[in-house]
$ cat query26.cif   # mmCIF, C-alpha atoms
data_protein
loop_
_atom_site.label_atom_id
_atom_site.label_comp_id
_atom_site.auth_asym_id
_atom_site.auth_seq_id
_atom_site.Cartn_x
_atom_site.Cartn_y
_atom_site.Cartn_z
CA MET A 1 34.58 -1.13 -23.14
CA VAL A 2 32.13 -4.04 -23.55
CA ALA A 3 30.89 -3.31 -27.04
CA GLY A 4 27.58 -3.63 -28.82
CA TYR A 5 26.92 -6.15 -31.58
CA VAL A 6 28.78 -5.74 -34.86
CA PRO A 7 27.10 -7.70 -37.67
CA GLY A 8 29.38 -10.08 -39.53
CA GLU A 9 29.84 -13.53 -41.05
CA SER A 10 33.17 -14.48 -39.45
CA ILE A 11 33.76 -17.86 -37.85
CA VAL A 12 33.58 -16.13 -34.45
CA HIS A 13 30.14 -14.75 -35.33
CA ARG A 14 28.98 -18.20 -36.37
CA THR A 15 30.33 -19.95 -33.27
CA ARG A 16 27.60 -20.99 -30.84
CA LEU A 17 27.09 -18.73 -27.84
CA GLY A 18 27.67 -21.62 -25.41
CA LEU A 19 31.14 -22.28 -26.84
CA LYS A 20 32.03 -18.58 -26.85
CA ALA A 21 30.92 -18.26 -23.23
CA LEU A 22 32.98 -21.33 -22.33
CA LEU A 23 36.06 -19.85 -24.04
CA LEU A 24 35.51 -16.56 -22.21
CA LEU A 25 35.36 -18.46 -18.92
CA LEU A 26 38.55 -20.31 -19.90
CA VAL A 27 40.32 -17.00 -20.61
CA ALA A 28 39.26 -15.66 -17.21
CA VAL A 29 40.35 -18.84 -15.41
CA LEU A 30 43.72 -18.99 -17.20
CA CYS A 31 44.43 -15.35 -16.49
CA LEU A 32 43.26 -15.29 -12.90
CA ALA A 33 44.33 -18.74 -11.73
CA SER A 34 47.74 -18.97 -13.39
CA PRO A 35 49.45 -16.71 -10.78
CA ALA A 36 48.99 -19.62 -8.36
CA LEU A 37 51.77 -21.33 -10.35
CA SER A 38 55.30 -19.97 -10.83
CA PRO A 39 55.55 -16.30 -12.01
CA GLU A 40 57.38 -17.25 -15.25
CA PHE A 41 54.77 -19.88 -16.13
CA SER A 42 51.95 -17.48 -15.25
CA VAL A 43 53.39 -14.74 -17.48
CA GLY A 44 53.76 -17.21 -20.35
CA ILE A 45 50.18 -18.48 -20.02
CA THR A 46 48.69 -15.00 -19.72
CA THR A 47 50.71 -13.62 -22.64
CA ALA A 48 49.72 -16.56 -24.84
CA THR A 49 46.07 -16.08 -23.83
CA LEU A 50 46.23 -12.38 -24.66
CA ILE A 51 47.73 -13.13 -28.08
CA LEU A 52 44.97 -15.68 -28.79
CA VAL A 53 42.28 -13.22 -27.73
CA VAL A 54 43.75 -10.54 -30.01
CA ILE A 55 43.81 -13.07 -32.87
CA GLY A 56 40.15 -13.86 -32.10
CA HIS A 57 39.39 -10.14 -32.22
CA VAL A 58 41.06 -9.78 -35.61
CA VAL A 59 39.45 -12.95 -37.03
CA ALA A 60 36.04 -11.57 -35.94
CA GLY A 61 36.77 -8.56 -38.16
CA LEU A 62 36.36 -6.09 -35.31
CA GLY A 63 39.34 -3.97 -36.33
CA TRP A 64 42.24 -2.42 -34.50
CA GLN A 65 40.39 0.81 -33.83
CA ARG A 66 37.76 -1.00 -31.79
CA LEU A 67 40.46 -2.89 -29.88
CA TRP A 68 42.29 0.33 -29.09
CA ARG A 69 39.03 1.99 -28.00
CA ALA A 70 38.39 -0.78 -25.46
CA VAL A 71 41.94 -0.47 -24.07
CA ARG A 72 41.93 3.34 -24.14
CA LEU A 73 38.89 3.52 -21.88
CA MET A 74 40.75 1.73 -19.10
CA LEU A 75 44.21 3.07 -19.91
CA ILE A 76 44.53 5.29 -16.86
CA PHE A 77 43.56 2.46 -14.53
CA LEU A 78 45.94 0.08 -16.31
CA ILE A 79 48.80 2.54 -15.87
CA LEU A 80 48.04 3.01 -12.16
CA ILE A 81 47.73 -0.73 -11.57
CA ALA A 82 50.89 -1.46 -13.57
CA ALA A 83 52.87 1.18 -11.65
CA TYR A 84 51.75 -0.24 -8.31
CA GLN A 85 52.44 -3.86 -9.32
CA TRP A 86 55.88 -2.92 -10.71
CA TRP A 87 56.75 -1.08 -7.51
CA GLN A 88 55.54 -3.93 -5.29
CA PHE A 89 56.41 -7.09 -7.29
CA GLY A 90 58.52 -6.11 -10.29
CA PRO A 91 57.91 -5.82 -14.06
CA LEU A 92 57.07 -9.46 -14.70
CA ILE A 93 54.07 -9.51 -12.34
CA ALA A 94 52.99 -6.03 -13.51
CA TRP A 95 52.85 -7.32 -17.09
CA GLN A 96 50.98 -10.49 -16.03
CA VAL A 97 48.29 -8.46 -14.20
CA ILE A 98 47.84 -5.98 -17.04
CA ALA A 99 47.81 -8.70 -19.70
CA ALA A 100 45.21 -10.63 -17.66
CA ILE A 101 42.89 -7.62 -17.37
CA VAL A 102 43.24 -6.69 -21.05
CA ALA A 103 42.75 -10.29 -22.22
CA THR A 104 39.60 -10.74 -20.12
CA VAL A 105 38.06 -7.43 -21.19
CA LEU A 106 38.90 -8.02 -24.87
CA ALA A 107 37.49 -11.54 -24.72
CA SER A 108 34.23 -10.12 -23.28
CA ASN A 109 34.33 -7.53 -26.06
CA VAL A 110 34.67 -10.25 -28.70
CA LEU A 111 31.71 -12.15 -27.24
CA THR A 112 29.34 -9.17 -27.04
CA SER A 113 30.50 -7.78 -30.43
CA THR A 114 29.82 -11.03 -32.27
CA THR A 115 26.57 -12.05 -30.57
CA PRO A 116 23.24 -10.27 -31.15
CA VAL A 117 21.65 -9.06 -27.91
CA ASP A 118 18.63 -11.24 -28.60
CA THR A 119 20.85 -14.35 -28.69
CA LEU A 120 22.55 -13.20 -25.48
CA LEU A 121 19.14 -12.82 -23.83
CA ASP A 122 18.14 -16.33 -24.91
CA GLY A 123 21.44 -17.72 -23.64
CA LEU A 124 21.18 -16.01 -20.28
CA ALA A 125 17.55 -17.07 -19.91
CA ALA A 126 18.54 -20.68 -20.65
CA LEU A 127 21.32 -20.44 -18.07
CA VAL A 128 18.94 -19.33 -15.35
CA ARG A 129 16.02 -21.58 -16.34
CA PRO A 130 17.01 -24.43 -13.95
CA LEU A 131 16.72 -21.93 -11.08
CA ARG A 132 13.06 -21.28 -11.93
CA ARG A 133 11.98 -23.80 -9.27
CA PHE A 134 13.66 -21.52 -6.69
CA GLY A 135 11.66 -18.52 -7.90
CA ALA A 136 14.13 -17.08 -10.43
CA ASP A 137 12.64 -15.39 -13.51
CA PRO A 138 14.95 -16.18 -16.48
CA GLU A 139 13.46 -13.53 -18.78
CA ARG A 140 13.81 -10.82 -16.18
CA PHE A 141 17.37 -11.89 -15.34
CA SER A 142 18.51 -11.87 -18.97
CA LEU A 143 16.82 -8.53 -19.58
CA THR A 144 18.56 -7.05 -16.55
CA VAL A 145 21.99 -8.15 -17.79
CA ALA A 146 21.26 -6.85 -21.30
CA LEU A 147 20.21 -3.49 -19.87
CA MET A 148 23.34 -3.36 -17.76
CA LEU A 149 25.46 -3.86 -20.89
CA ARG A 150 23.39 -1.24 -22.72
CA SER A 151 23.88 1.24 -19.87
CA ILE A 152 27.68 1.18 -19.93
CA PRO A 153 28.05 3.39 -23.04
CA TYR A 154 25.42 5.75 -21.66
CA VAL A 155 27.26 6.25 -18.37
CA ILE A 156 30.58 6.77 -20.20
CA GLY A 157 28.84 9.29 -22.46
CA ALA A 158 27.38 11.06 -19.41
CA PHE A 159 30.88 11.47 -17.96
CA ALA A 160 32.07 13.01 -21.25
CA ASP A 161 29.06 15.36 -21.50
CA VAL A 162 29.39 16.52 -17.90
CA ARG A 163 33.15 17.05 -18.32
CA ASP A 164 32.51 19.23 -21.38
CA ALA A 165 29.78 21.17 -19.56
CA ALA A 166 32.09 21.72 -16.57
CA ARG A 167 34.88 22.90 -18.89
CA ALA A 168 32.52 25.32 -20.64
CA ARG A 169 31.77 26.91 -17.25
CA GLY A 170 35.40 26.90 -16.14
CA LEU A 171 34.69 24.25 -13.50
CA GLU A 172 36.89 21.46 -14.82
CA ARG A 173 38.67 21.14 -11.47
CA ASN A 174 35.45 21.09 -9.45
CA LEU A 175 34.82 17.48 -8.40
CA VAL A 176 31.17 18.12 -7.52
CA ALA A 177 30.47 19.80 -10.86
CA ARG A 178 32.06 16.85 -12.66
CA SER A 179 30.45 14.01 -10.72
CA LEU A 180 27.06 15.02 -9.29
CA PRO A 181 25.39 15.65 -12.69
CA VAL A 182 26.57 12.20 -13.81
CA VAL A 183 24.82 10.62 -10.82
CA ILE A 184 21.65 12.64 -11.47
CA SER A 185 21.55 11.91 -15.19
CA THR A 186 22.28 8.23 -14.60
CA VAL A 187 19.41 7.96 -12.11
CA ALA A 188 17.15 9.81 -14.57
CA TYR A 189 18.26 7.41 -17.33
CA ALA A 190 17.48 4.42 -15.10
CA ARG A 191 14.01 5.82 -14.37
CA ALA A 192 13.34 6.53 -18.05
CA THR A 193 14.47 3.02 -18.97
CA GLY A 194 12.24 1.58 -16.27
CA ASP A 195 9.27 3.57 -17.61
CA ALA A 196 10.03 2.46 -21.17
CA LEU A 197 10.12 -1.20 -20.13
CA ALA A 198 7.00 -0.88 -18.01
CA ALA A 199 5.13 0.86 -20.83
CA ARG A 200 5.95 -2.07 -23.12
CA GLY A 201 4.96 -4.61 -20.49
CA LEU A 202 8.50 -6.04 -20.39
CA GLY A 203 9.37 -7.49 -17.02
CA ASP A 204 5.70 -7.79 -16.06
CA PRO A 205 4.66 -11.13 -14.60
CA GLU A 206 3.72 -13.67 -17.27
CA PRO A 207 0.00 -13.90 -18.14
CA PRO A 208 -1.60 -17.21 -17.22
CA GLU A 209 -1.66 -18.29 -20.87
CA ALA A 210 0.66 -17.35 -23.70
CA ARG A 211 -1.18 -15.27 -26.23
CA MET B 1 -4.76 -6.03 -33.03
CA ARG B 2 -7.78 -7.47 -31.33
CA ASN B 3 -10.26 -4.69 -30.88
CA ALA B 4 -9.90 -1.98 -33.53
CA GLY B 5 -12.57 0.70 -33.43
CA ASN B 6 -14.24 -0.72 -30.37
CA ASN B 7 -12.11 0.56 -27.50
CA CYS B 8 -13.33 2.20 -24.37
CA ILE B 9 -11.23 3.93 -21.73
CA VAL B 10 -13.12 5.06 -18.66
CA LEU B 11 -11.68 7.39 -16.05
CA ASP B 12 -13.90 7.66 -13.00
CA ARG B 13 -12.87 10.58 -10.79
CA ALA B 14 -9.25 9.64 -11.39
CA ALA B 15 -6.87 12.03 -9.64
CA VAL B 16 -3.13 12.13 -9.10
CA THR B 17 -1.58 13.74 -6.05
CA VAL B 18 1.94 13.59 -4.63
CA GLU B 19 3.25 14.18 -1.15
CA ALA B 20 5.04 17.46 -0.45
CA ALA B 21 8.83 17.35 -0.82
CA ASP B 22 9.20 18.39 2.82
CA PRO B 23 8.67 15.18 4.87
CA ARG B 24 7.43 17.23 7.87
CA SER B 25 4.58 18.62 5.83
CA GLN B 26 1.27 16.78 5.64
CA GLU B 27 0.27 18.64 2.51
CA THR B 28 -0.18 17.00 -0.87
CA LYS B 29 0.21 18.56 -4.29
CA THR B 30 -2.44 17.91 -6.92
CA ILE B 31 -0.92 16.97 -10.27
CA LEU B 32 -4.25 16.08 -11.84
CA ALA B 33 -7.59 17.02 -10.26
CA PRO B 34 -10.35 14.37 -10.31
CA VAL B 35 -11.37 13.76 -13.90
CA SER B 36 -14.16 11.59 -15.31
CA LEU B 37 -14.00 10.73 -18.99
CA THR B 38 -15.15 8.05 -21.40
CA LEU B 39 -12.76 7.90 -24.36
CA THR B 40 -14.14 6.04 -27.36
CA GLU B 41 -13.28 8.27 -30.34
CA GLN B 42 -10.59 7.05 -32.75
CA ARG B 43 -8.50 10.23 -32.58
CA ILE B 44 -8.25 12.23 -29.36
CA ALA B 45 -5.79 15.09 -28.81
CA ILE B 46 -4.74 16.52 -25.47
CA ILE B 47 -3.41 20.06 -25.44
CA GLY B 48 -2.24 22.38 -22.69
CA ALA B 49 0.75 24.29 -21.41
CA ASN B 50 3.99 22.65 -20.26
CA GLY B 51 3.53 21.12 -16.82
CA SER B 52 -0.26 21.30 -17.04
CA GLY B 53 -0.75 17.55 -16.46
CA LYS B 54 -1.03 16.21 -20.03
CA SER B 55 1.67 13.57 -19.58
CA THR B 56 0.21 12.51 -16.24
CA LEU B 57 -3.19 12.00 -17.86
CA LEU B 58 -1.61 9.96 -20.68
CA ARG B 59 0.43 7.89 -18.23
CA LEU B 60 -2.74 7.02 -16.36
CA LEU B 61 -4.00 5.30 -19.49
CA ASN B 62 -1.49 2.47 -19.50
CA GLY B 63 -0.75 2.25 -15.81
CA LEU B 64 2.60 4.06 -15.84
CA VAL B 65 0.96 6.31 -13.24
CA LEU B 66 -1.72 4.91 -10.96
CA PRO B 67 -4.52 7.17 -9.75
CA SER B 68 -4.22 8.33 -6.14
CA SER B 69 -8.01 8.19 -6.06
CA GLY B 70 -10.67 7.05 -8.50
CA THR B 71 -10.19 4.41 -11.19
CA VAL B 72 -9.01 4.01 -14.78
CA GLN B 73 -10.33 1.14 -16.88
CA VAL B 74 -9.20 0.16 -20.37
CA ASN B 75 -11.58 -2.15 -22.18
CA GLY B 76 -12.83 -3.33 -18.80
CA ASN B 77 -9.37 -3.88 -17.28
CA SER B 78 -8.38 -1.80 -14.29
CA THR B 79 -4.93 -0.21 -14.43
CA GLN B 80 -4.59 -0.97 -10.73
CA ARG B 81 -5.57 -4.65 -10.80
CA ASP B 82 -4.85 -5.80 -14.37
CA VAL B 83 -1.89 -3.68 -15.37
CA SER B 84 -0.35 -6.40 -17.57
CA ALA B 85 -3.57 -6.75 -19.57
CA VAL B 86 -3.81 -2.97 -19.86
CA ARG B 87 -0.25 -2.69 -21.16
CA ARG B 88 -0.91 -5.38 -23.74
CA SER B 89 -3.81 -3.23 -24.99
CA VAL B 90 -2.17 0.19 -24.77
CA GLY B 91 1.08 1.03 -26.55
CA PHE B 92 2.91 4.11 -25.32
CA VAL B 93 5.23 6.32 -27.37
CA PHE B 94 7.42 8.74 -25.41
CA THR B 95 8.48 12.25 -26.44
CA ASP B 96 12.15 11.29 -26.61
CA PRO B 97 12.62 8.04 -28.52
CA LEU B 98 16.01 7.55 -26.87
CA SER B 99 14.15 7.01 -23.60
CA GLN B 100 12.12 4.33 -25.30
CA LEU B 101 14.69 2.42 -27.34
CA VAL B 102 16.54 0.30 -24.83
CA MET B 103 18.47 -2.01 -27.15
CA PRO B 104 21.51 -1.00 -29.23
CA THR B 105 19.91 -1.38 -32.67
CA PRO B 106 16.37 -1.07 -34.16
CA GLN B 107 16.35 -4.77 -35.05
CA GLU B 108 17.19 -5.82 -31.49
CA ASP B 109 14.70 -3.40 -29.98
CA ILE B 110 11.83 -4.73 -32.06
CA GLU B 111 12.88 -8.29 -31.26
CA LEU B 112 12.78 -7.31 -27.58
CA SER B 113 9.17 -6.14 -27.98
CA LEU B 114 8.31 -9.44 -29.65
CA ARG B 115 9.68 -11.50 -26.77
CA ARG B 116 6.31 -11.03 -25.06
CA GLN B 117 4.64 -12.94 -27.87
CA LYS B 118 6.44 -16.23 -27.17
CA LEU B 119 7.68 -16.54 -30.74
CA SER B 120 10.73 -18.60 -31.65
CA LYS B 121 13.96 -16.74 -32.20
CA ALA B 122 13.75 -17.19 -35.97
CA GLU B 123 10.15 -15.97 -36.00
CA ARG B 124 11.09 -12.91 -33.93
CA ARG B 125 13.92 -12.08 -36.29
CA HIS B 126 11.79 -12.57 -39.39
CA LYS B 127 8.93 -10.50 -38.01
CA ALA B 128 11.24 -7.70 -36.82
CA THR B 129 12.85 -7.55 -40.26
CA ALA B 130 9.43 -7.35 -41.91
CA ILE B 131 8.28 -4.57 -39.56
CA LEU B 132 11.42 -2.53 -40.23
CA ALA B 133 10.95 -2.98 -43.98
CA ASP B 134 7.34 -1.85 -43.64
CA TYR B 135 8.52 1.36 -41.98
CA GLY B 136 11.25 1.96 -44.56
CA LEU B 137 13.88 1.34 -41.91
CA ALA B 138 15.30 -1.96 -43.20
CA HIS B 139 18.62 -0.33 -44.15
CA LEU B 140 19.01 0.87 -40.55
CA ALA B 141 18.22 -2.48 -38.91
CA GLU B 142 21.72 -3.00 -37.55
CA SER B 143 22.65 0.66 -37.04
CA SER B 144 23.24 2.03 -33.58
CA ILE B 145 20.18 3.93 -32.39
CA TYR B 146 22.54 6.85 -31.73
CA GLU B 147 23.35 7.01 -35.45
CA LEU B 148 19.71 7.51 -36.47
CA SER B 149 18.18 10.92 -37.14
CA GLY B 150 15.43 12.20 -34.85
CA GLY B 151 12.75 11.19 -37.36
CA GLU B 152 14.21 7.72 -37.85
CA ARG B 153 14.39 7.23 -34.09
CA GLN B 154 10.77 8.27 -33.58
CA LEU B 155 9.63 5.99 -36.40
CA THR B 156 11.64 3.16 -34.85
CA ALA B 157 10.07 3.84 -31.46
CA LEU B 158 6.63 3.75 -33.09
CA ALA B 159 7.53 0.48 -34.85
CA THR B 160 8.67 -1.15 -31.59
CA VAL B 161 5.33 -0.29 -29.99
CA LEU B 162 3.20 -1.34 -32.96
CA ALA B 163 5.16 -4.59 -33.33
CA VAL B 164 2.94 -6.15 -30.68
CA ALA B 165 -0.26 -4.78 -32.27
CA PRO B 166 -1.82 -2.87 -29.38
CA ASP B 167 -5.48 -1.84 -29.58
CA ILE B 168 -4.77 1.72 -28.46
CA LEU B 169 -1.79 3.97 -29.09
CA VAL B 170 -0.92 6.69 -26.60
CA LEU B 171 1.67 9.25 -27.72
CA ASP B 172 3.22 11.86 -25.47
CA GLU B 173 4.18 14.83 -27.68
CA PRO B 174 5.76 12.61 -30.34
CA SER B 175 6.55 15.49 -32.70
CA THR B 176 8.20 17.85 -30.21
CA LEU B 177 11.74 16.84 -31.22
CA LEU B 178 10.99 16.51 -34.92
CA ASP B 179 11.37 18.95 -37.80
CA LEU B 180 8.50 19.77 -40.14
CA ARG B 181 9.27 17.00 -42.63
CA ASN B 182 9.58 14.29 -40.01
CA THR B 183 6.45 15.52 -38.24
CA ARG B 184 4.54 15.16 -41.51
CA LEU B 185 6.04 11.70 -42.06
CA LEU B 186 5.06 10.60 -38.56
CA MET B 187 1.53 11.94 -38.93
CA GLU B 188 1.07 10.15 -42.26
CA ARG B 189 2.01 6.95 -40.48
CA LEU B 190 -0.35 7.63 -37.61
CA ASP B 191 -3.21 8.57 -39.95
CA ALA B 192 -2.97 5.18 -41.62
CA LEU B 193 -3.21 3.22 -38.37
CA PRO B 194 -6.45 1.46 -37.40
CA GLN B 195 -5.68 1.87 -33.67
CA GLN B 196 -7.41 4.34 -31.42
CA ILE B 197 -4.91 7.18 -30.93
CA ILE B 198 -4.68 9.46 -27.94
CA MET B 199 -1.92 12.03 -28.30
CA SER B 200 -0.71 15.11 -26.47
CA THR B 201 0.76 17.82 -28.65
CA HIS B 202 1.68 21.48 -28.86
CA ASN B 203 1.05 21.41 -32.59
CA LEU B 204 -2.43 22.92 -32.94
CA ASP B 205 -2.59 22.13 -36.67
CA LEU B 206 -2.27 18.47 -35.80
CA ALA B 207 -4.76 18.71 -32.96
CA ALA B 208 -7.30 20.35 -35.29
CA ARG B 209 -7.46 17.13 -37.35
CA PHE B 210 -8.56 15.01 -34.40
CA ASP B 211 -12.11 13.95 -33.49
CA ARG B 212 -12.05 15.28 -29.95
CA ILE B 213 -9.85 17.59 -27.90
CA LEU B 214 -9.17 17.70 -24.20
CA VAL B 215 -7.64 20.90 -22.84
CA ILE B 216 -5.73 20.63 -19.56
CA ASP B 217 -4.71 23.64 -17.52
CA CYS B 218 -2.96 23.56 -14.13
CA GLY B 219 -3.98 19.94 -13.57
CA GLN B 220 -7.66 20.52 -14.43
CA LEU B 221 -9.62 19.38 -17.44
CA VAL B 222 -11.02 22.70 -18.66
CA PHE B 223 -12.43 21.70 -22.03
CA ASP B 224 -13.66 18.52 -23.64
CA GLY B 225 -15.24 18.67 -27.09
CA GLU B 226 -14.74 19.68 -30.69
CA PRO B 227 -11.25 20.61 -31.92
CA ASP B 228 -12.03 24.16 -33.13
CA ARG B 229 -13.60 25.23 -29.85
CA GLY B 230 -10.93 23.43 -27.83
CA ILE B 231 -8.11 25.21 -29.66
CA ALA B 232 -9.87 28.55 -29.20
CA ARG B 233 -10.19 27.83 -25.47
CA TYR B 234 -6.48 26.95 -25.28
CA ARG B 235 -5.56 30.18 -27.06
CA GLU B 236 -7.63 32.12 -24.51
CA LEU B 237 -5.81 30.41 -21.65
CA ALA B 238 -2.41 31.08 -23.19
CA GLY B 239 -3.36 34.77 -23.40
#
$ encode --input "query26.cif" --output "structure tokens"
Amino acid sequence: MVAGYVPGESIVHRTRLGLKALLLLLVAVLCLASPALSPEFSVGITTATLILVVIGHVVAGLGWQRLWRAVRLMLIFLILIAAYQWWQFGPLIAWQVIAAIVATVLASNVLTSTTPVDTLLDGLAALVRPLRRFGADPERFSLTVALMLRSIPYVIGAFADVRDAARARGLERNLVARSLPVVISTVAYARATGDALAARGLGDPEPPEAR
Amino acid sequence: MRNAGNNCIVLDRAAVTVEAADPRSQETKTILAPVSLTLTEQRIAIIGANGSGKSTLLRLLNGLVLPSSGTVQVNGNSTQRDVSAVRRSVGFVFTDPLSQLVMPTPQEDIELSLRRQKLSKAERRHKATAILADYGLAHLAESSIYELSGGERQLTALATVLAVAPDILVLDEPSTLLDLRNTRLLMERLDALPQQIIMSTHNLDLAARFDRILVIDCGQLVFDGEPDRGIARYRELAG
């Protein structure tokens, strides 16, 4: 859903991380705050934002397949949310909610797809640096966020693997067989990642002097 | 690398025990019985059956596992008190490179390793690119680590560890998931390294080329000496 870096030379790739982050924040604010205004205005704003985000996606050269993949992963939730919103508030609000979710997720996708993880780490570390005086560790914070992003595809993959394994054993309707192994493998993955980071000394306290 | 050919790892009655799974029980299970060793040779192999304690012994060497009793010192640094210094000296390569590569692409993973060196972003990028080129992986720099073959992944994992020039390289069965060709490729790489290498393996042909062999059985060090005799001892144990 939130994709890994795709190398490229587009204008979106070349845009500074700070500006991209600001635009992402703007997308989120427009989509989430506009319902405070009239429903028609809110729908207009959200639809326009979604169109701009899709244009950004295309300009970044990320391709329609990648866009569809991001939407497909949340399709079932979008349908459920849309059905509920339609039933409760009508089609206009249902569209506004769905467009807001899709626009925000796609905008995040554009940011992570056009920014190398290393640049993201630097940006996050810079963001947290002022909090150092309160004991925050910028490097550790940025690493944690990067690992969280890295873990999303793994967890999605674990669901797919476990579903296939359950099917192979004729247990596709067994909730325990389809969920417990995901929890176990995710915990194992977290432990392995922790070991890998520890073995490389990443996340250790800084030495007194830089080497 | 700061200390090539002059490394010294000292285990002084280092043992690893764990509490029994049943919380009502006071018993402990011994994973590794007390072992005292001084490791100075350039190439040391550890062999033994699955679950014998090889990985635990290796993990003691860079502080991934701390001894329940006794001490482990690497070039004078205790794994209990100076774990950061130990980890700067000792690089660790896991059996499964996917456990080791935590970033989406080889380029990003090597740059992550280099963050410890306080280089500028441009320097990190330049150095990572040079390291990948050195390993013949430049064309895969921006590929997803999931798209790499097993051999390419293991070479990338090795490159990420060597990027920070450790004095000692510890490898936990690095060839287990590799085919014959990739095993040979990996070993050629390892042979050319100036670092002290301590490696567990089930490949007895590889172990035979090392300077010293440790044989572990059921958590006990049962042999420490020349490769030929060590392999013969292991064959006896395996029946």
$ resolve_selection --input "query26.cif" --expression "the PyMOL selection byres ((chain A and resi 97-104) around 7)" --output "list in words"
Val27, Ala28, Cys31, Leu32, Thr46, Thr47, Thr49, Leu50, Val53, Leu78, Ala82, Ile93, Ala94, Trp95, Gln96, Val105, Leu106, Ala107 and Ser108 of chain A
$ resolve_selection --input "query26.cif" --expression "the PyMOL selection byres ((chain B) within 9 of (chain A))" --output "VMD selection string"
chain B and resid 59 62 to 64 83 to 88 90 to 94 99 to 105 108 to 109 111 to 113 115 to 118 121 142 144 160 to 161
$ residues_near_point --input "query26.cif" --point "(-15.5, 14.8, -14.2)" --cutoff "12 Å" --atoms "all atoms listed in the file" --output "PyMOL selection string"
chain B and resi 10-15+32-38+70+220-224
$ atom_distance --input "query26.cif" --atom1 "atom CA of B:Pro67" --atom2 "atom CA of B:Arg81"
11.9 Å
$ residues_near_point --input "query26.cif" --point "(12.1, -11.5, -35.1)" --cutoff "9 Å" --atoms "only C-alpha atoms" --output "list in words"
Gln107, Glu108, Ile110, Glu111, Leu112, Leu114, Arg115, Leu119, Ser120, Lys121, Ala122, Glu123, Arg124, Arg125, His126, Lys127, Ala128, Thr129 and Ala130 of chain B
$ atom_distance --input "query26.cif" --atom1 "atom CA of A:Ala70" --atom2 "atom CA of A:Leu52"
16.6 Å
